[in-house]
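Trainee: After the structure tokens below, expect a handful of questions from me.
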Amino acid sequence: QDREDAYGSAEAAGIEPKAPVLTEELKAKLASVATATISAALRKRGLNNVSIDGLQPTKTGRKVIGTARTLRYVPNREDLFKSHGGGYNAQKRIIDAPNEGDVLVMEARGEKGAGTLGDILALRAQMRGAAGVITDGGVRDLSAVAGLDIPAFYASAHPAVLGRKHVPWDTDVTVACGGTTVQPGDIIVADEDGILVLPPALAEEVADEAVEQERQDTFVFQMVKEGHKVDGLFPMNADWMAKYREWAASGGGQ
């Protein structure tokens, strides 16, 4: 029910909500490969502008994989903050809305002069089962947020409340975060190496290709470790590809 209610604003905006596609099998594939490998597979499909840039994580060694829920802040205007900033505003509504495994993505226009998330709201997202929170704005109470189990990605620490720079405006609409576009239902893959946005329609084929590419990379790494030169091996020519297929067929890389 929460997801249905939260997508209401997306439907009102003319955005077709995407059916959930992040199965446990797909999630396991994405978790098993490097973020850089996924990026390369997306680039091969002409998708270069699918990374959320300029943010840092509160956790390292953790990969966040989940379905995007979105929140958009607009620049503070005193009359609009009076009508939209108080009470059960868009920020608080989306914090209450995530389902298990969702990733909350906040558009803050790269504005670092105010917080967009603090420890209480981050804790609420954690209690709802959210996989992570991403904002291209500031975080208040950074040490407390970093001490929670939920990973957060942020542009800066800042002590000011959001009203200094932002009005929480709407939820589950297409947003811009860290230089790319994120839609509700997009698949987010994030760790200390970067944050990627996967279009749901491409997620399975990208994951399958990434798994195969990592298996090839494992073979190449092993061959280099054994003393082979990289010429013809990286990338593999026909002879090396034949050897790789024999290696894979015998269970290599499993």
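By order in the structure tokens, chains are A, B, ...; within a chain, residues start at 1; ligands start at 1, following the order shown.
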For stretch 241-243 of chain A, find every residue with an atom within 12 Å (counting only C-alpha atoms), except residues of its own chain fewer than 3 positions away, and show them as a PyMOL selection string.
Mentor: chain A and resi 216-217+219-220+223+232-238+246-250+252
Trainee: With DSSP run on the backbone, what are the strand (DSSP E or B) residues within stretch 32-233 of chain A? I'd like them as number ranges by chain.
Mentor: A: 51-52, 56-57, 64-75, 102-107, 115-117, 132-135, 138-139, 152-154, 156-157, 166-171, 175-177, 180-182, 187-191, 194-198
Trainee: Residues at most 12 Å from A:Gly87, counting only C-alpha atoms, excluding those fewer than 6 positions away in the same chain, as a tab-separated table (two decimals) with C-alpha atoms, in the first residue's frame?
Mentor:
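And here is the file that came out, out_7.tsv:
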chain	number	residue	atom	x	y	z
A	81	PHE	CA	8.44	27.07	2.63
A	93	ARG	CA	6.30	11.47	3.73
A	168	PRO	CA	10.79	19.78	0.21
Trainee: Quick one: everything within 10 Å of A:Val182, counting only C-alpha atoms, minus sequence neighbours fewer than 5 positions away in the same chain. Send it as a VMD selection string.
Mentor: chain A and resid 50 to 52 68 to 70 105 to 107 172 to 177 187 to 188 196 to 199
Trainee: Excluding stretch 72-76 of chain A and residues on its chain fewer than 5 positions from it, collect all residues at most 12 Å away from it, counting only C-alpha atoms, and give them as a tab-separated table (two decimals) with N, CA and C atoms, in the first residue's frame.
Mentor:
chain	number	residue	atom	x	y	z
A	9	SER	N	1.95	10.51	-6.89
A	9	SER	CA	2.44	11.77	-7.45
A	9	SER	C	3.14	11.53	-8.78
A	10	ALA	N	3.78	10.37	-8.92
A	10	ALA	CA	4.42	10.04	-10.20
A	10	ALA	C	3.38	9.88	-11.29
A	81	PHE	N	8.07	27.88	1.47
A	81	PHE	CA	8.44	27.07	2.63
A	81	PHE	C	7.33	27.10	3.66
A	82	LYS	N	6.68	28.24	3.79
A	82	LYS	CA	5.58	28.35	4.75
A	82	LYS	C	4.45	27.40	4.40
A	83	SER	N	4.18	27.22	3.10
A	83	SER	CA	3.07	26.36	2.68
A	83	SER	C	3.47	24.89	2.51
A	84	HIS	N	4.77	24.62	2.24
A	84	HIS	CA	5.19	23.25	1.94
A	84	HIS	C	6.26	22.69	2.88
A	85	GLY	N	6.88	23.55	3.68
A	85	GLY	CA	8.02	23.09	4.46
A	85	GLY	C	7.69	22.52	5.81
A	89	ASN	N	5.60	17.14	5.66
A	89	ASN	CA	5.99	17.59	4.33
A	89	ASN	C	6.50	16.44	3.47
A	90	ALA	N	6.91	16.78	2.24
A	90	ALA	CA	7.32	15.75	1.29
A	90	ALA	C	8.51	14.94	1.80
A	91	GLN	N	9.43	15.59	2.50
A	91	GLN	CA	10.59	14.87	3.04
A	91	GLN	C	10.15	13.81	4.04
A	94	ILE	N	8.18	10.81	2.32
A	94	ILE	CA	8.99	9.81	1.61
A	94	ILE	C	9.82	8.99	2.59
A	104	LEU	N	16.46	5.65	-1.29
A	104	LEU	CA	15.92	7.00	-1.38
A	104	LEU	C	16.95	7.92	-2.03
A	105	VAL	N	16.56	8.53	-3.15
A	105	VAL	CA	17.45	9.43	-3.89
A	105	VAL	C	16.87	10.84	-3.80
A	106	MET	N	17.67	11.77	-3.27
A	106	MET	CA	17.23	13.14	-3.07
A	106	MET	C	17.89	14.09	-4.07
A	107	GLU	N	17.09	14.88	-4.74
A	107	GLU	CA	17.62	15.96	-5.59
A	107	GLU	C	17.74	17.22	-4.76
A	108	ALA	N	18.96	17.66	-4.52
A	108	ALA	CA	19.22	18.89	-3.76
A	108	ALA	C	19.99	19.90	-4.58
A	109	ARG	N	20.08	19.67	-5.91
A	109	ARG	CA	20.71	20.61	-6.84
A	109	ARG	C	22.19	20.81	-6.57
A	110	GLY	N	22.82	19.89	-5.85
A	110	GLY	CA	24.23	20.04	-5.50
A	110	GLY	C	24.48	21.12	-4.47
A	111	GLU	N	23.42	21.61	-3.83
A	111	GLU	CA	23.53	22.67	-2.84
A	111	GLU	C	24.07	22.10	-1.53
A	113	GLY	N	24.86	24.00	1.19
A	113	GLY	CA	24.73	24.96	2.27
A	113	GLY	C	23.65	24.67	3.27
A	114	ALA	N	23.13	23.46	3.29
A	114	ALA	CA	22.12	23.07	4.29
A	114	ALA	C	22.03	21.56	4.32
A	115	GLY	N	21.54	21.03	5.41
A	115	GLY	CA	21.32	19.60	5.49
A	115	GLY	C	20.06	19.18	4.75
A	116	THR	N	20.07	17.98	4.21
A	116	THR	CA	18.87	17.41	3.59
A	116	THR	C	18.46	16.12	4.30
A	117	LEU	N	19.28	15.67	5.22
A	117	LEU	CA	19.05	14.43	5.95
A	117	LEU	C	19.76	14.54	7.29
A	134	ILE	N	20.62	8.51	-0.72
A	134	ILE	CA	21.56	9.24	-1.56
A	134	ILE	C	21.06	10.67	-1.69
A	135	THR	N	21.92	11.64	-1.41
A	135	THR	CA	21.59	13.04	-1.59
A	135	THR	C	22.78	13.78	-2.18
A	136	ASP	N	22.53	14.67	-3.12
A	136	ASP	CA	23.62	15.50	-3.63
A	136	ASP	C	23.66	16.83	-2.89
A	137	GLY	N	23.14	16.83	-1.67
A	137	GLY	CA	23.22	17.97	-0.78
A	137	GLY	C	23.93	17.61	0.50
A	161	VAL	N	19.58	23.42	9.11
A	161	VAL	CA	18.38	22.69	8.71
A	161	VAL	C	18.09	22.98	7.24
A	162	LEU	N	17.26	22.13	6.63
A	162	LEU	CA	17.05	22.23	5.19
A	162	LEU	C	16.41	23.55	4.78
A	163	GLY	N	15.63	24.19	5.68
A	163	GLY	CA	14.94	25.41	5.33
A	163	GLY	C	15.86	26.57	4.99
A	164	ARG	N	17.12	26.44	5.32
A	164	ARG	CA	18.07	27.50	4.94
A	164	ARG	C	18.19	27.61	3.43
A	165	LYS	N	18.07	26.48	2.72
A	165	LYS	CA	18.29	26.48	1.28
A	165	LYS	C	17.19	25.78	0.48
A	166	HIS	N	16.36	24.98	1.12
A	166	HIS	CA	15.47	24.07	0.38
A	166	HIS	C	14.02	24.16	0.82
A	167	VAL	N	13.14	23.82	-0.12
A	167	VAL	CA	11.75	23.50	0.20
A	167	VAL	C	11.53	22.06	-0.25
A	168	PRO	N	11.12	21.14	0.64
A	168	PRO	CA	10.79	19.78	0.21
A	168	PRO	C	9.52	19.82	-0.63
A	169	TRP	N	9.61	19.41	-1.90
A	169	TRP	CA	8.54	19.72	-2.83
A	169	TRP	C	7.68	18.53	-3.24
A	170	ASP	N	8.28	17.50	-3.83
A	170	ASP	CA	7.45	16.36	-4.26
A	170	ASP	C	8.26	15.07	-4.24
A	171	THR	N	7.53	13.96	-4.35
A	171	THR	CA	8.12	12.63	-4.19
A	171	THR	C	7.76	11.73	-5.35
A	172	ASP	N	8.64	10.74	-5.57
A	172	ASP	CA	8.45	9.74	-6.62
A	172	ASP	C	8.13	10.37	-7.97
A	173	VAL	N	8.97	11.34	-8.32
A	173	VAL	CA	8.98	11.94	-9.65
A	173	VAL	C	10.40	11.82	-10.19
A	174	THR	N	10.56	12.09	-11.46
A	174	THR	CA	11.90	12.11	-12.04
A	174	THR	C	12.70	13.24	-11.43
A	175	VAL	N	13.92	12.93	-10.96
A	175	VAL	CA	14.77	13.93	-10.32
A	175	VAL	C	16.15	13.93	-10.96
A	176	ALA	N	16.90	14.99	-10.66
A	176	ALA	CA	18.31	15.07	-11.04
A	176	ALA	C	19.14	14.99	-9.77
A	177	CYS	N	20.11	14.08	-9.75
A	177	CYS	CA	20.96	13.92	-8.56
A	177	CYS	C	22.38	13.65	-9.01
A	181	THR	N	19.94	11.73	-14.22
A	181	THR	CA	18.50	11.65	-14.01
A	181	THR	C	18.16	10.32	-13.37
A	182	VAL	N	17.28	10.37	-12.37
A	182	VAL	CA	16.83	9.16	-11.69
A	182	VAL	C	15.31	9.15	-11.69
A	183	GLN	N	14.73	8.02	-12.08
A	183	GLN	CA	13.29	7.85	-12.05
A	183	GLN	C	12.90	6.83	-10.99
A	184	PRO	N	11.70	6.98	-10.43
A	184	PRO	CA	11.22	5.94	-9.51
A	184	PRO	C	11.22	4.58	-10.21
Trainee: For atom CA of A:Thr58 and atom CA of A:Thr35, quote the distance in Å rounded to one decimal.
Mentor: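 Computing the Euclidean distance for atom CA of A:Thr58 and atom CA of A:Thr35 yields 17.4 Å.
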Trainee: How many Å lie between atom CA of A:Leu71 and atom CA of A:Ser156, rounded to one decimal?
Mentor: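 Those two atoms sit 17.9 Å apart.
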Trainee: Which distance in Å separates atom CA of A:Ala210 and atom CA of A:Gly66, to one decimal?
Mentor: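 Distance between the two atoms: 17.5 Å.
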Trainee: Could you pull out all residues of stretch 10-67 of chain A with a DSSP call of helix (DSSP H, G or I) and give them as a ChimeraX atom specification?
Mentor: /A:10-12,24-31,35-44
Trainee: Limited to N, CA and C atoms, could you put the picked residues into a file as a PDB file, in the first residue's frame?
Mentor:
ATOM      1  N   ALA A  10       3.782  10.366  -8.924  1.00  0.00           N
ATOM      2  CA  ALA A  10       4.418  10.040 -10.198  1.00  0.00           C
ATOM      3  C   ALA A  10       3.375   9.883 -11.295  1.00  0.00           C
ATOM      4  N   GLU A  11       2.273   9.208 -10.968  1.00  0.00           N
ATOM      5  CA  GLU A  11       1.217   9.009 -11.947  1.00  0.00           C
ATOM      6  C   GLU A  11       0.582  10.340 -12.316  1.00  0.00           C
ATOM      7  N   ALA A  12       0.415  11.216 -11.297  1.00  0.00           N
ATOM      8  CA  ALA A  12      -0.172  12.529 -11.561  1.00  0.00           C
ATOM      9  C   ALA A  12       0.707  13.345 -12.490  1.00  0.00           C
ATOM     10  N   GLU A  24      15.664 -11.327  -6.336  1.00  0.00           N
ATOM     11  CA  GLU A  24      16.825 -11.734  -5.533  1.00  0.00           C
ATOM     12  C   GLU A  24      17.935 -12.274  -6.421  1.00  0.00           C
ATOM     13  N   GLU A  25      17.579 -12.964  -7.493  1.00  0.00           N
ATOM     14  CA  GLU A  25      18.582 -13.496  -8.420  1.00  0.00           C
ATOM     15  C   GLU A  25      19.340 -12.363  -9.104  1.00  0.00           C
ATOM     16  N   LEU A  26      18.602 -11.358  -9.581  1.00  0.00           N
ATOM     17  CA  LEU A  26      19.251 -10.221 -10.226  1.00  0.00           C
ATOM     18  C   LEU A  26      20.111  -9.459  -9.227  1.00  0.00           C
ATOM     19  N   LYS A  27      19.607  -9.280  -8.031  1.00  0.00           N
ATOM     20  CA  LYS A  27      20.373  -8.575  -7.004  1.00  0.00           C
ATOM     21  C   LYS A  27      21.675  -9.302  -6.706  1.00  0.00           C
ATOM     22  N   ALA A  28      21.627 -10.631  -6.652  1.00  0.00           N
ATOM     23  CA  ALA A  28      22.833 -11.413  -6.389  1.00  0.00           C
ATOM     24  C   ALA A  28      23.854 -11.255  -7.511  1.00  0.00           C
ATOM     25  N   LYS A  29      23.388 -11.220  -8.750  1.00  0.00           N
ATOM     26  CA  LYS A  29      24.307 -11.015  -9.874  1.00  0.00           C
ATOM     27  C   LYS A  29      24.992  -9.651  -9.768  1.00  0.00           C
ATOM     28  N   LEU A  30      24.215  -8.621  -9.502  1.00  0.00           N
ATOM     29  CA  LEU A  30      24.782  -7.273  -9.415  1.00  0.00           C
ATOM     30  C   LEU A  30      25.738  -7.150  -8.236  1.00  0.00           C
ATOM     31  N   ALA A  31      25.435  -7.853  -7.159  1.00  0.00           N
ATOM     32  CA  ALA A  31      26.307  -7.802  -5.978  1.00  0.00           C
ATOM     33  C   ALA A  31      27.626  -8.517  -6.212  1.00  0.00           C
ATOM     34  N   THR A  35      31.397  -2.470  -9.542  1.00  0.00           N
ATOM     35  CA  THR A  35      30.638  -1.347 -10.088  1.00  0.00           C
ATOM     36  C   THR A  35      31.232  -0.898 -11.417  1.00  0.00           C
ATOM     37  N   ALA A  36      32.548  -0.939 -11.533  1.00  0.00           N
ATOM     38  CA  ALA A  36      33.201  -0.540 -12.783  1.00  0.00           C
ATOM     39  C   ALA A  36      32.812  -1.451 -13.940  1.00  0.00           C
ATOM     40  N   THR A  37      32.611  -2.734 -13.665  1.00  0.00           N
ATOM     41  CA  THR A  37      32.215  -3.674 -14.715  1.00  0.00           C
ATOM     42  C   THR A  37      30.802  -3.369 -15.194  1.00  0.00           C
ATOM     43  N   ILE A  38      29.919  -3.027 -14.261  1.00  0.00           N
ATOM     44  CA  ILE A  38      28.556  -2.642 -14.640  1.00  0.00           C
ATOM     45  C   ILE A  38      28.586  -1.370 -15.474  1.00  0.00           C
ATOM     46  N   SER A  39      29.427  -0.428 -15.080  1.00  0.00           N
ATOM     47  CA  SER A  39      29.549   0.823 -15.825  1.00  0.00           C
ATOM     48  C   SER A  39      29.983   0.568 -17.262  1.00  0.00           C
ATOM     49  N   ALA A  40      30.939  -0.334 -17.436  1.00  0.00           N
ATOM     50  CA  ALA A  40      31.422  -0.645 -18.780  1.00  0.00           C
ATOM     51  C   ALA A  40      30.323  -1.264 -19.637  1.00  0.00           C
ATOM     52  N   ALA A  41      29.509  -2.131 -19.038  1.00  0.00           N
ATOM     53  CA  ALA A  41      28.414  -2.754 -19.771  1.00  0.00           C
ATOM     54  C   ALA A  41      27.363  -1.724 -20.176  1.00  0.00           C
ATOM     55  N   LEU A  42      27.112  -0.762 -19.316  1.00  0.00           N
ATOM     56  CA  LEU A  42      26.173   0.308 -19.656  1.00  0.00           C
ATOM     57  C   LEU A  42      26.734   1.179 -20.775  1.00  0.00           C
ATOM     58  N   ARG A  43      28.027   1.471 -20.682  1.00  0.00           N
ATOM     59  CA  ARG A  43      28.662   2.309 -21.707  1.00  0.00           C
ATOM     60  C   ARG A  43      28.595   1.641 -23.077  1.00  0.00           C
ATOM     61  N   LYS A  44      28.752   0.318 -23.130  1.00  0.00           N
ATOM     62  CA  LYS A  44      28.658  -0.406 -24.400  1.00  0.00           C
ATOM     63  C   LYS A  44      27.284  -0.231 -25.034  1.00  0.00           C
TER      64      LYS A  44
END
Trainee: Calculated over only C-alpha atoms, which of the candidates A:Gly86, A:Pro98, A:Pro200, A:Gly227 has the smallest distance to A:Arg124?
Mentor: A:Pro98
